[in-house]
>>> print(open('start_8.pdb').read())   # PDB, C-alpha atoms
ATOM      1  CA  MET A  15       0.000   0.000   0.000
ATOM      2  CA  LYS A  16       2.856   2.339   0.858
ATOM      3  CA  LYS A  17       4.448   1.624  -2.518
ATOM      4  CA  VAL A  18       1.197   2.477  -4.303
ATOM      5  CA  LEU A  19       0.867   5.753  -2.439
ATOM      6  CA  PHE A  20       4.511   6.567  -3.165
ATOM      7  CA  CYS A  21       4.067   5.949  -6.894
ATOM      8  CA  VAL A  22       0.894   8.060  -6.995
ATOM      9  CA  GLY A  23       2.637  10.886  -5.173
ATOM     10  CA  LEU A  24       5.635  10.687  -7.536
ATOM     11  CA  ILE A  25       3.381  10.881 -10.586
ATOM     12  CA  ILE A  26       1.498  13.871  -9.178
ATOM     13  CA  GLY A  27       4.771  15.624  -8.365
ATOM     14  CA  LEU A  28       6.272  15.038 -11.821
ATOM     15  CA  THR A  29       3.055  16.214 -13.491
ATOM     16  CA  ALA A  30       3.048  19.419 -11.463
ATOM     17  CA  MET A  31       6.724  20.037 -12.274
ATOM     18  CA  PHE A  32       6.125  19.423 -16.001
ATOM     19  CA  ASN A  33       3.182  21.817 -16.038
ATOM     20  CA  THR A  34       5.275  24.456 -14.290
ATOM     21  CA  VAL A  35       8.140  24.140 -16.790
ATOM     22  CA  SER A  36       5.704  24.155 -19.712
ATOM     23  CA  ALA A  37       3.958  27.233 -18.379
ATOM     24  CA  GLN A  38       7.264  29.065 -18.125
ATOM     25  CA  SER A  39       8.003  28.480 -21.834
ATOM     26  CA  ILE A  40       4.732  30.007 -23.011
ATOM     27  CA  ILE A  41       4.389  33.754 -23.445
ATOM     28  CA  ASP A  42       1.705  35.424 -21.361
ATOM     29  CA  ALA A  43       0.325  37.927 -23.853
ATOM     30  CA  GLU A  44      -1.368  40.009 -21.150
ATOM     31  CA  ASP A  45       1.927  40.543 -19.337
ATOM     32  CA  ASP A  46       4.228  41.051 -22.341
ATOM     33  CA  ASN A  47       1.801  42.871 -24.639
ATOM     34  CA  ASN A  48       2.911  40.481 -27.383
ATOM     35  CA  PHE A  49      -0.272  39.132 -28.915
ATOM     36  CA  ASN A  50       1.261  37.712 -32.108
ATOM     37  CA  ASN A  51       3.676  35.238 -30.497
ATOM     38  CA  PHE A  52       2.747  32.093 -28.615
ATOM     39  CA  TYR A  53       6.278  31.088 -27.562
ATOM     40  CA  ASP A  54       9.500  32.865 -26.618
ATOM     41  CA  LYS A  55      11.361  34.010 -29.731
ATOM     42  CA  SER A  56      15.002  34.841 -29.077
ATOM     43  CA  PHE A  57      16.647  34.104 -32.433
ATOM     44  CA  SER A  58      19.067  37.053 -32.402
ATOM     45  CA  VAL A  59      19.638  37.487 -28.659
ATOM     46  CA  GLY A  60      23.374  37.199 -28.002
ATOM     47  CA  LYS A  61      23.934  35.307 -31.243
ATOM     48  CA  GLU A  62      27.373  35.491 -32.864
ATOM     49  CA  ALA A  63      28.818  33.970 -36.014
ATOM     50  CA  MET A  64      31.126  30.977 -35.800
ATOM     51  CA  PRO A  65      34.659  32.133 -36.768
ATOM     52  CA  TYR A  66      36.329  30.393 -39.686
ATOM     53  CA  ALA A  67      39.041  27.860 -38.926
ATOM     54  CA  TYR A  68      42.575  29.242 -38.914
ATOM     55  CA  LEU A  69      44.317  28.719 -42.257
ATOM     56  CA  ARG A  70      48.060  29.000 -42.856
ATOM     57  CA  GLU A  71      49.494  30.251 -46.133
ATOM     58  CA  THR A  72      51.663  27.138 -46.435
ATOM     59  CA  ASP A  73      48.558  24.927 -46.273
ATOM     60  CA  VAL A  74      47.029  26.476 -49.403
ATOM     61  CA  VAL A  75      48.497  24.595 -52.361
ATOM     62  CA  TRP A  76      46.072  25.947 -54.991
ATOM     63  CA  GLU A  77      43.901  29.066 -55.140
ATOM     64  CA  TYR A  78      41.523  30.580 -57.681
ATOM     65  CA  ALA A  79      39.302  33.679 -57.594
ATOM     66  CA  ILE A  80      35.730  33.619 -58.917
ATOM     67  CA  TRP A  81      33.120  36.393 -59.162
ATOM     68  CA  ARG A  82      29.422  35.457 -59.205
ATOM     69  CA  THR A  83      26.057  37.144 -59.670
ATOM     70  CA  ILE A  84      23.078  36.275 -57.461
ATOM     71  CA  ASP A  85      19.879  37.358 -59.215
ATOM     72  CA  PHE A  86      17.186  38.108 -56.615
ATOM     73  CA  ARG A  87      14.478  37.704 -59.258
ATOM     74  CA  GLU A  88      15.132  33.977 -59.610
ATOM     75  CA  LYS A  89      12.579  31.965 -57.675
ATOM     76  CA  PHE A  90      15.176  30.232 -55.500
ATOM     77  CA  ASN A  91      16.747  33.571 -54.514
ATOM     78  CA  GLN A  92      13.605  35.611 -53.892
ATOM     79  CA  PHE A  93      13.995  35.428 -50.099
ATOM     80  CA  PHE A  94      16.907  37.875 -50.554
ATOM     81  CA  TYR A  95      14.579  40.454 -52.171
ATOM     82  CA  PHE A  96      11.343  40.345 -50.168
ATOM     83  CA  PRO A  97       9.829  42.099 -48.291
ATOM     84  CA  THR A  98      10.297  45.325 -50.258
ATOM     85  CA  ASP A  99       8.564  47.553 -47.695
ATOM     86  CA  PRO A 100       9.746  46.877 -44.109
ATOM     87  CA  SER A 101       7.208  49.355 -42.694
ATOM     88  CA  LYS A 102       4.333  46.965 -43.385
ATOM     89  CA  ASN A 103       3.502  43.816 -41.427
ATOM     90  CA  THR A 104       6.347  41.584 -42.613
ATOM     91  CA  GLN A 105       6.262  39.150 -39.659
ATOM     92  CA  GLY A 106       9.770  40.154 -38.687
ATOM     93  CA  ARG A 107      11.240  39.434 -42.112
ATOM     94  CA  VAL A 108      13.984  41.687 -43.516
ATOM     95  CA  SER A 109      15.412  41.697 -47.040
ATOM     96  CA  LEU A 110      19.185  41.378 -47.480
ATOM     97  CA  THR A 111      19.436  44.950 -48.813
ATOM     98  CA  ASN A 112      17.588  46.438 -45.840
ATOM     99  CA  ALA A 113      19.609  44.334 -43.390
ATOM    100  CA  ILE A 114      22.926  45.569 -44.824
ATOM    101  CA  MET A 115      21.806  49.193 -45.179
ATOM    102  CA  GLN A 116      20.494  49.245 -41.604
ATOM    103  CA  ALA A 117      23.761  47.800 -40.256
ATOM    104  CA  LEU A 118      25.714  50.388 -42.266
ATOM    105  CA  GLN A 119      23.529  53.248 -41.018
ATOM    106  CA  ASN A 120      23.992  52.084 -37.427
ATOM    107  CA  GLY A 121      27.757  51.995 -37.873
ATOM    108  CA  ASP A 122      27.918  48.238 -37.209
ATOM    109  CA  ILE A 123      29.759  47.433 -40.446
ATOM    110  CA  GLU A 124      32.168  49.059 -42.892
ATOM    111  CA  VAL A 125      31.860  48.973 -46.696
ATOM    112  CA  PHE A 126      34.253  49.786 -49.529
ATOM    113  CA  GLN A 127      34.264  51.257 -53.006
ATOM    114  CA  ASP A 128      35.362  48.181 -54.990
ATOM    115  CA  ASP A 129      36.244  44.517 -54.556
ATOM    116  CA  ASP A 130      39.801  45.363 -53.496
ATOM    117  CA  MET A 131      38.107  46.635 -50.322
ATOM    118  CA  VAL A 132      40.663  49.371 -49.631
ATOM    119  CA  THR A 133      38.752  52.658 -50.020
ATOM    120  CA  PRO A 134      35.913  52.923 -47.441
ATOM    121  CA  ARG A 135      32.524  54.543 -48.116
ATOM    122  CA  THR A 136      30.159  56.074 -45.589
ATOM    123  CA  TYR A 137      26.381  55.808 -45.415
ATOM    124  CA  GLU A 138      25.985  59.552 -46.096
ATOM    125  CA  GLU A 139      28.192  59.366 -49.203
ATOM    126  CA  LEU A 140      26.165  56.477 -50.541
ATOM    127  CA  ARG A 141      22.809  58.146 -49.999
ATOM    128  CA  LYS A 142      24.075  61.279 -51.733
ATOM    129  CA  SER A 143      25.538  59.409 -54.716
ATOM    130  CA  LEU A 144      22.405  57.330 -55.211
ATOM    131  CA  THR A 145      20.032  60.295 -54.923
ATOM    132  CA  GLN A 146      19.467  62.140 -58.186
ATOM    133  CA  SER A 147      17.409  65.102 -59.321
ATOM    134  CA  ARG A 148      15.720  65.489 -62.685
ATOM    135  CA  THR A 149      13.799  68.318 -64.257
ATOM    136  CA  ILE A 150      10.482  67.708 -66.005
ATOM    137  CA  HIS A 151       8.353  70.155 -67.935
ATOM    138  CA  ILE A 152       4.713  70.535 -66.894
ATOM    139  CA  ALA A 153       2.460  71.874 -69.605
ATOM    140  CA  GLU A 154      -0.220  74.423 -68.737
ATOM    141  CA  TYR A 155      -3.302  75.441 -70.747
ATOM    142  CA  ASP A 156      -5.618  78.411 -70.743
ATOM    143  CA  ASP A 157      -9.402  78.270 -70.620
ATOM    144  CA  TRP A 158      -9.560  77.893 -74.402
ATOM    145  CA  GLY A 159      -7.287  74.848 -74.430
ATOM    146  CA  ASP A 160      -4.287  76.680 -75.849
ATOM    147  CA  GLU A 161      -0.923  75.645 -74.421
ATOM    148  CA  LEU A 162       0.887  78.237 -72.366
ATOM    149  CA  GLU A 163       4.603  78.461 -71.631
ATOM    150  CA  GLY A 164       4.304  75.935 -68.797
ATOM    151  CA  ARG A 165       6.798  75.442 -65.991
ATOM    152  CA  ASP A 166       9.683  73.207 -64.998
ATOM    153  CA  THR A 167       9.785  71.297 -61.759
ATOM    154  CA  ILE A 168      12.559  69.318 -60.083
ATOM    155  CA  ILE A 169      11.890  65.744 -58.958
ATOM    156  CA  THR A 170      14.251  64.064 -56.514
ATOM    157  CA  ASP A 171      14.602  60.296 -56.761
ATOM    158  CA  GLU A 172      15.736  58.810 -53.459
ATOM    159  CA  PHE A 173      17.440  55.456 -53.086
ATOM    160  CA  LYS A 174      14.917  52.621 -52.894
ATOM    161  CA  PRO A 175      15.980  49.166 -51.637
ATOM    162  CA  GLU A 176      13.448  47.536 -53.964
ATOM    163  CA  ASP A 177      15.592  48.700 -56.923
ATOM    164  CA  VAL A 178      18.387  46.345 -55.848
ATOM    165  CA  PHE A 179      17.713  43.273 -57.975
ATOM    166  CA  SER A 180      20.985  41.388 -57.579
ATOM    167  CA  ALA A 181      24.219  40.995 -55.677
ATOM    168  CA  ARG A 182      27.741  40.036 -56.681
ATOM    169  CA  ILE A 183      30.119  37.967 -54.622
ATOM    170  CA  LYS A 184      33.858  37.479 -54.782
ATOM    171  CA  GLU A 185      35.087  34.113 -53.576
ATOM    172  CA  TYR A 186      38.277  32.094 -53.427
ATOM    173  CA  TRP A 187      38.428  28.395 -54.158
ATOM    174  CA  TYR A 188      41.441  26.656 -52.642
ATOM    175  CA  ILE A 189      42.858  23.263 -51.717
ATOM    176  CA  ASP A 190      43.937  22.692 -48.128
ATOM    177  CA  LYS A 191      46.835  20.246 -48.040
ATOM    178  CA  GLN A 192      45.985  19.271 -44.462
ATOM    179  CA  ASP A 193      42.993  17.252 -45.656
ATOM    180  CA  THR A 194      43.512  17.535 -49.463
ATOM    181  CA  ARG A 195      40.021  18.924 -49.911
ATOM    182  CA  GLN A 196      38.778  21.679 -52.169
ATOM    183  CA  LYS A 197      37.102  24.482 -50.217
ATOM    184  CA  VAL A 198      35.629  27.935 -50.873
ATOM    185  CA  ARG A 199      35.526  31.164 -48.922
ATOM    186  CA  ILE A 200      33.347  34.184 -49.816
ATOM    187  CA  VAL A 201      35.375  37.339 -49.126
ATOM    188  CA  GLY A 202      33.185  40.103 -50.543
ATOM    189  CA  LEU A 203      29.598  40.971 -51.482
ATOM    190  CA  ALA A 204      28.297  43.880 -53.550
ATOM    191  CA  LEU A 205      24.708  45.088 -53.827
ATOM    192  CA  VAL A 206      23.830  46.022 -57.423
ATOM    193  CA  TYR A 207      21.477  48.975 -57.787
ATOM    194  CA  ASN A 208      19.305  49.575 -60.866
ATOM    195  CA  TYR A 209      20.422  53.183 -61.422
ATOM    196  CA  CYS A 210      18.205  55.118 -63.866
ATOM    197  CA  LYS A 211      18.983  58.424 -65.608
ATOM    198  CA  ASP A 212      17.481  60.541 -68.385
ATOM    199  CA  ARG A 213      19.535  60.398 -71.575
ATOM    200  CA  ASP A 214      18.445  62.248 -74.687
ATOM    201  CA  GLY A 215      14.838  62.218 -73.563
ATOM    202  CA  ASP A 216      14.839  58.513 -72.685
ATOM    203  CA  ARG A 217      14.929  56.843 -69.280
ATOM    204  CA  ILE A 218      17.943  54.512 -69.238
ATOM    205  CA  CYS A 219      18.679  52.140 -66.342
ATOM    206  CA  ASP A 220      22.063  50.514 -65.713
ATOM    207  CA  PRO A 221      23.232  48.106 -62.975
ATOM    208  CA  VAL A 222      25.677  49.849 -60.628
ATOM    209  CA  GLU A 223      27.673  48.330 -57.774
ATOM    210  CA  MET A 224      26.761  50.326 -54.681
ATOM    211  CA  PHE A 225      29.630  49.119 -52.477
ATOM    212  CA  TRP A 226      31.500  45.988 -51.419
ATOM    213  CA  VAL A 227      30.944  44.370 -48.032
ATOM    214  CA  PRO A 228      33.908  42.427 -46.548
ATOM    215  CA  MET A 229      32.377  39.043 -45.746
ATOM    216  CA  ASN A 230      35.527  38.011 -43.855
ATOM    217  CA  ASP A 231      34.882  40.774 -41.311
ATOM    218  CA  MET A 232      33.374  39.392 -38.101
ATOM    219  CA  ARG A 233      31.425  42.644 -37.665
ATOM    220  CA  VAL A 234      29.600  41.891 -40.912
ATOM    221  CA  ARG A 235      29.023  38.251 -40.048
ATOM    222  CA  ASN A 236      27.764  39.113 -36.553
ATOM    223  CA  ALA A 237      25.321  41.612 -38.103
ATOM    224  CA  LEU A 238      24.002  39.095 -40.657
ATOM    225  CA  VAL A 239      23.800  36.194 -38.208
ATOM    226  CA  LYS A 240      21.168  38.117 -36.232
ATOM    227  CA  VAL A 241      18.832  38.444 -39.242
ATOM    228  CA  LYS A 242      16.707  35.406 -40.024
ATOM    229  CA  ALA A 243      16.463  34.391 -43.682
ATOM    230  CA  TYR A 244      12.964  33.376 -44.742
ATOM    231  CA  ASP A 245      12.251  29.712 -45.474
ATOM    232  CA  GLU A 246       8.910  29.178 -47.204
ATOM    233  CA  ASN A 247       8.779  25.552 -46.011
ATOM    234  CA  ASN A 248       9.271  26.442 -42.340
ATOM    235  CA  ILE A 249       8.970  30.055 -41.169
ATOM    236  CA  ASN A 250      10.656  29.085 -37.889
ATOM    237  CA  ALA A 251      13.782  27.738 -39.609
ATOM    238  CA  GLN A 252      16.823  28.881 -37.638
ATOM    239  CA  ARG A 253      18.819  29.984 -40.695
ATOM    240  CA  SER A 254      20.389  33.438 -40.813
ATOM    241  CA  TYR A 255      21.838  35.360 -43.757
ATOM    242  CA  ASP A 256      25.292  34.399 -42.496
ATOM    243  CA  ASP A 257      24.265  30.735 -42.647
ATOM    244  CA  ILE A 258      22.981  31.267 -46.180
ATOM    245  CA  PHE A 259      26.395  32.340 -47.451
ATOM    246  CA  VAL A 260      28.443  29.899 -45.383
ATOM    247  CA  GLN A 261      26.241  26.984 -46.479
ATOM    248  CA  ARG A 262      25.950  28.416 -50.033
ATOM    249  CA  TYR A 263      22.156  28.239 -50.002
ATOM    250  CA  PHE A 264      21.675  30.333 -53.166
ATOM    251  CA  ASP A 265      21.716  30.066 -56.938
ATOM    252  CA  SER A 266      24.265  32.044 -58.968
ATOM    253  CA  PHE A 267      26.312  32.171 -62.147
ATOM    254  CA  VAL A 268      29.948  33.051 -62.826
ATOM    255  CA  TYR A 269      30.609  36.363 -64.562
ATOM    256  CA  ARG A 270      34.369  36.602 -64.054
ATOM    257  CA  GLU A 271      37.387  34.450 -63.177
ATOM    258  CA  SER A 272      41.051  35.051 -62.436
ATOM    259  CA  ASN A 273      42.784  35.919 -65.716
ATOM    260  CA  ARG A 274      45.839  37.768 -66.924
ATOM    261  CA  MET A 275      43.812  40.544 -68.582
ATOM    262  CA  ASN A 276      41.582  41.129 -65.538
ATOM    263  CA  ARG A 277      38.430  41.055 -67.647
ATOM    264  CA  SER A 278      34.922  39.721 -67.199
ATOM    265  CA  ILE A 279      33.112  37.285 -69.482
ATOM    266  CA  ALA A 280      30.844  40.064 -70.800
ATOM    267  CA  SER A 281      33.879  41.916 -72.196
ATOM    268  CA  TYR A 282      34.613  39.208 -74.772
ATOM    269  CA  LEU A 283      31.447  37.088 -75.085
ATOM    270  CA  THR A 284      27.702  37.746 -75.179
ATOM    271  CA  GLY A 285      24.440  35.819 -75.256
ATOM    272  CA  GLN A 286      24.549  32.035 -75.309
ATOM    273  CA  ASN A 287      28.335  31.984 -75.693
ATOM    274  CA  ALA A 288      28.698  33.874 -72.387
ATOM    275  CA  ILE A 289      26.407  31.340 -70.663
ATOM    276  CA  ILE A 290      28.465  28.435 -72.006
ATOM    277  CA  GLU A 291      31.689  30.095 -70.852
ATOM    278  CA  SER A 292      30.243  30.566 -67.367
ATOM    279  CA  GLN A 293      29.298  26.886 -67.233
ATOM    280  CA  ASN A 294      32.762  25.864 -68.479
ATOM    281  CA  ILE A 295      34.396  27.798 -65.639
ATOM    282  CA  GLU A 296      32.129  26.043 -63.136
ATOM    283  CA  GLU A 297      33.092  22.652 -64.560
ATOM    284  CA  LYS A 298      36.791  23.533 -64.548
ATOM    285  CA  ILE A 299      36.644  24.409 -60.840
ATOM    286  CA  TRP A 300      34.865  21.167 -59.930
ATOM    287  CA  ASN A 301      37.324  19.092 -61.977
ATOM    288  CA  ILE A 302      40.347  20.431 -60.085
ATOM    289  CA  GLU A 303      39.702  18.261 -57.025
ATOM    290  CA  SER A 304      38.829  15.083 -58.918
ATOM    291  CA  ASP A 305      41.921  15.432 -61.120
ATOM    292  CA  MET A 306      44.156  15.345 -58.021
ATOM    293  CA  TRP A 307      43.425  11.665 -57.489
ATOM    294  CA  GLU A 308      44.836   8.779 -59.502
ATOM    295  CA  TYR A 309      43.701   5.197 -59.296
TER     296      TYR A 309
END
>>> encode(input="start_8.pdb", output="structure tokens")
Amino acid sequence: MKKVLFCVGLIIGLTAMFNTVSAQSIIDAEDDNNFNNFYDKSFSVGKEAMPYAYLRETDVVWEYAIWRTIDFREKFNQFFYFPTDPSKNTQGRVSLTNAIMQALQNGDIEVFQDDDMVTPRTYEELRKSLTQSRTIHIAEYDDWGDELEGRDTIITDEFKPEDVFSARIKEYWYIDKQDTRQKVRIVGLALVYNYCKDRDGDRICDPVEMFWVPMNDMRVRNALVKVKAYDENNINAQRSYDDIFVQRYFDSFVYRESNRMNRSIASYLTGQNAIIESQNIEEKIWNIESDMWEY
């Protein structure tokens, strides 16, 4: 009888303890004023990026530089682009452009003019360079429908994150002799802005590199690791923008490789020939590791 009472008491005690622990993990909306969450969300609290493993120069027996384009308009890459308006109810989602621009405005990261990443650029300089003014003529008519002289007005076009349709990355492929494996490290990322200007009465838009972000900088990685990247299959997926680049969870194509003339593919090939050249470079990189082995 004593054993039965002991077992019953143990079960009651464990049940009470379980209910207490469970209750502590659930958000009380009345206390926290957080009516949209039903559990504690602390994705970015105290989170830091995992540093890369130390690599000695003598361990790198082969190295090759590749430049890629990530098109945000491709279906697989659209999580980089949306949401375009962070002021609306985006369920905490932030586009890559807004995440980088916000970190730059806060002074959390440093960006540079080109992929050499030597000349720094400030947030104020960027806003000024990307803001342009244009003059348009507004026609005016009298009561009889005859056109008067009219007037000119100046329109200022501010930078809009939704006009960033792609990004470019600079990466190094290398072979580590410690484990004889081929590896890759992304060292830089550039946002590409669709910059439009009036030329001879026409509106012409060209892709312009806004700046280059040093992806080897822990300040950059710690800023990106705190921003969750959207996963349409699981909105609670614990994947940050830093994870996206480290795990290479994106689609891209090669537009430039290391070469003696320091030129891109577009400077000597166009159309289908440029696509084939990009694919050939990809295949050449992948064949390097397999060609090391002999059987």
>>> resolve_selection(input="start_8.pdb", expression="the PyMOL selection byres ((chain A and resi 209) around 8)", output="ChimeraX atom specification")
/A:144,177,207-208,210-211,219-222
>>> write_last_selection(input="start_8.pdb", atoms="C-alpha atoms", output="mmCIF file, in the coordinates of the input")
data_model
loop_
_atom_site.group_PDB
_atom_site.id
_atom_site.type_symbol
_atom_site.label_atom_id
_atom_site.label_comp_id
_atom_site.auth_asym_id
_atom_site.auth_seq_id
_atom_site.Cartn_x
_atom_site.Cartn_y
_atom_site.Cartn_z
ATOM 1 C CA LEU A 144 22.405 57.330 -55.211
ATOM 2 C CA ASP A 177 15.592 48.700 -56.923
ATOM 3 C CA TYR A 207 21.477 48.975 -57.787
ATOM 4 C CA ASN A 208 19.305 49.575 -60.866
ATOM 5 C CA CYS A 210 18.205 55.118 -63.866
ATOM 6 C CA LYS A 211 18.983 58.424 -65.608
ATOM 7 C CA CYS A 219 18.679 52.140 -66.342
ATOM 8 C CA ASP A 220 22.063 50.514 -65.713
ATOM 9 C CA PRO A 221 23.232 48.106 -62.975
ATOM 10 C CA VAL A 222 25.677 49.849 -60.628
#
>>> resolve_selection(input="start_8.pdb", expression="the PyMOL selection byres ((chain A and resi 289-300) around 10)", output="PyMOL selection string")
chain A and resi 78+80+82+187-188+196+267-271+279-280+283-288+301-305
>>> residues_around(input="start_8.pdb", residues="Val227 in chain A", least_positions_apart="3", cutoff="9 Å", atoms="all atoms listed in the file", output="list in words")
Ile114, Ile123, Glu124, Val125, Phe126, Asp129, Met131, Val201, Gly202, Leu203, Ala204, Leu205, Asn230, Asp231 and Val234 of chain A
>>> resolve_selection(input="start_8.pdb", expression="the PyMOL selection byres ((chain A and resi 69) around 12)", output="ChimeraX atom specification")
/A:65-68,70-75,188-192,197,199
>>> atom_distance(input="start_8.pdb", atom1="CA of Arg253 in chain A", atom2="CA of Leu238 in chain A")
10.5 Å
>>> decode(input="start_8.pdb", residues="range 182-218 of chain A", atoms="C-alpha atoms", output="short mmCIF file (atom, residue, chain, number, x, y, z; two decimals), in the first residue's frame")
data_model
loop_
_atom_site.label_atom_id
_atom_site.label_comp_id
_atom_site.auth_asym_id
_atom_site.auth_seq_id
_atom_site.Cartn_x
_atom_site.Cartn_y
_atom_site.Cartn_z
CA ARG A 182 27.74 40.04 -56.68
CA ILE A 183 30.12 37.97 -54.62
CA LYS A 184 33.86 37.48 -54.78
CA GLU A 185 35.09 34.11 -53.58
CA TYR A 186 38.28 32.09 -53.43
CA TRP A 187 38.43 28.40 -54.16
CA TYR A 188 41.44 26.66 -52.64
CA ILE A 189 42.86 23.26 -51.72
CA ASP A 190 43.94 22.69 -48.13
CA LYS A 191 46.84 20.25 -48.04
CA GLN A 192 45.98 19.27 -44.46
CA ASP A 193 42.99 17.25 -45.66
CA THR A 194 43.51 17.54 -49.46
CA ARG A 195 40.02 18.92 -49.91
CA GLN A 196 38.78 21.68 -52.17
CA LYS A 197 37.10 24.48 -50.22
CA VAL A 198 35.63 27.93 -50.87
CA ARG A 199 35.53 31.16 -48.92
CA ILE A 200 33.35 34.18 -49.82
CA VAL A 201 35.37 37.34 -49.13
CA GLY A 202 33.19 40.10 -50.54
CA LEU A 203 29.60 40.97 -51.48
CA ALA A 204 28.30 43.88 -53.55
CA LEU A 205 24.71 45.09 -53.83
CA VAL A 206 23.83 46.02 -57.42
CA TYR A 207 21.48 48.98 -57.79
CA ASN A 208 19.30 49.58 -60.87
CA TYR A 209 20.42 53.18 -61.42
CA CYS A 210 18.20 55.12 -63.87
CA LYS A 211 18.98 58.42 -65.61
CA ASP A 212 17.48 60.54 -68.38
CA ARG A 213 19.54 60.40 -71.57
CA ASP A 214 18.45 62.25 -74.69
CA GLY A 215 14.84 62.22 -73.56
CA ASP A 216 14.84 58.51 -72.69
CA ARG A 217 14.93 56.84 -69.28
CA ILE A 218 17.94 54.51 -69.24
#
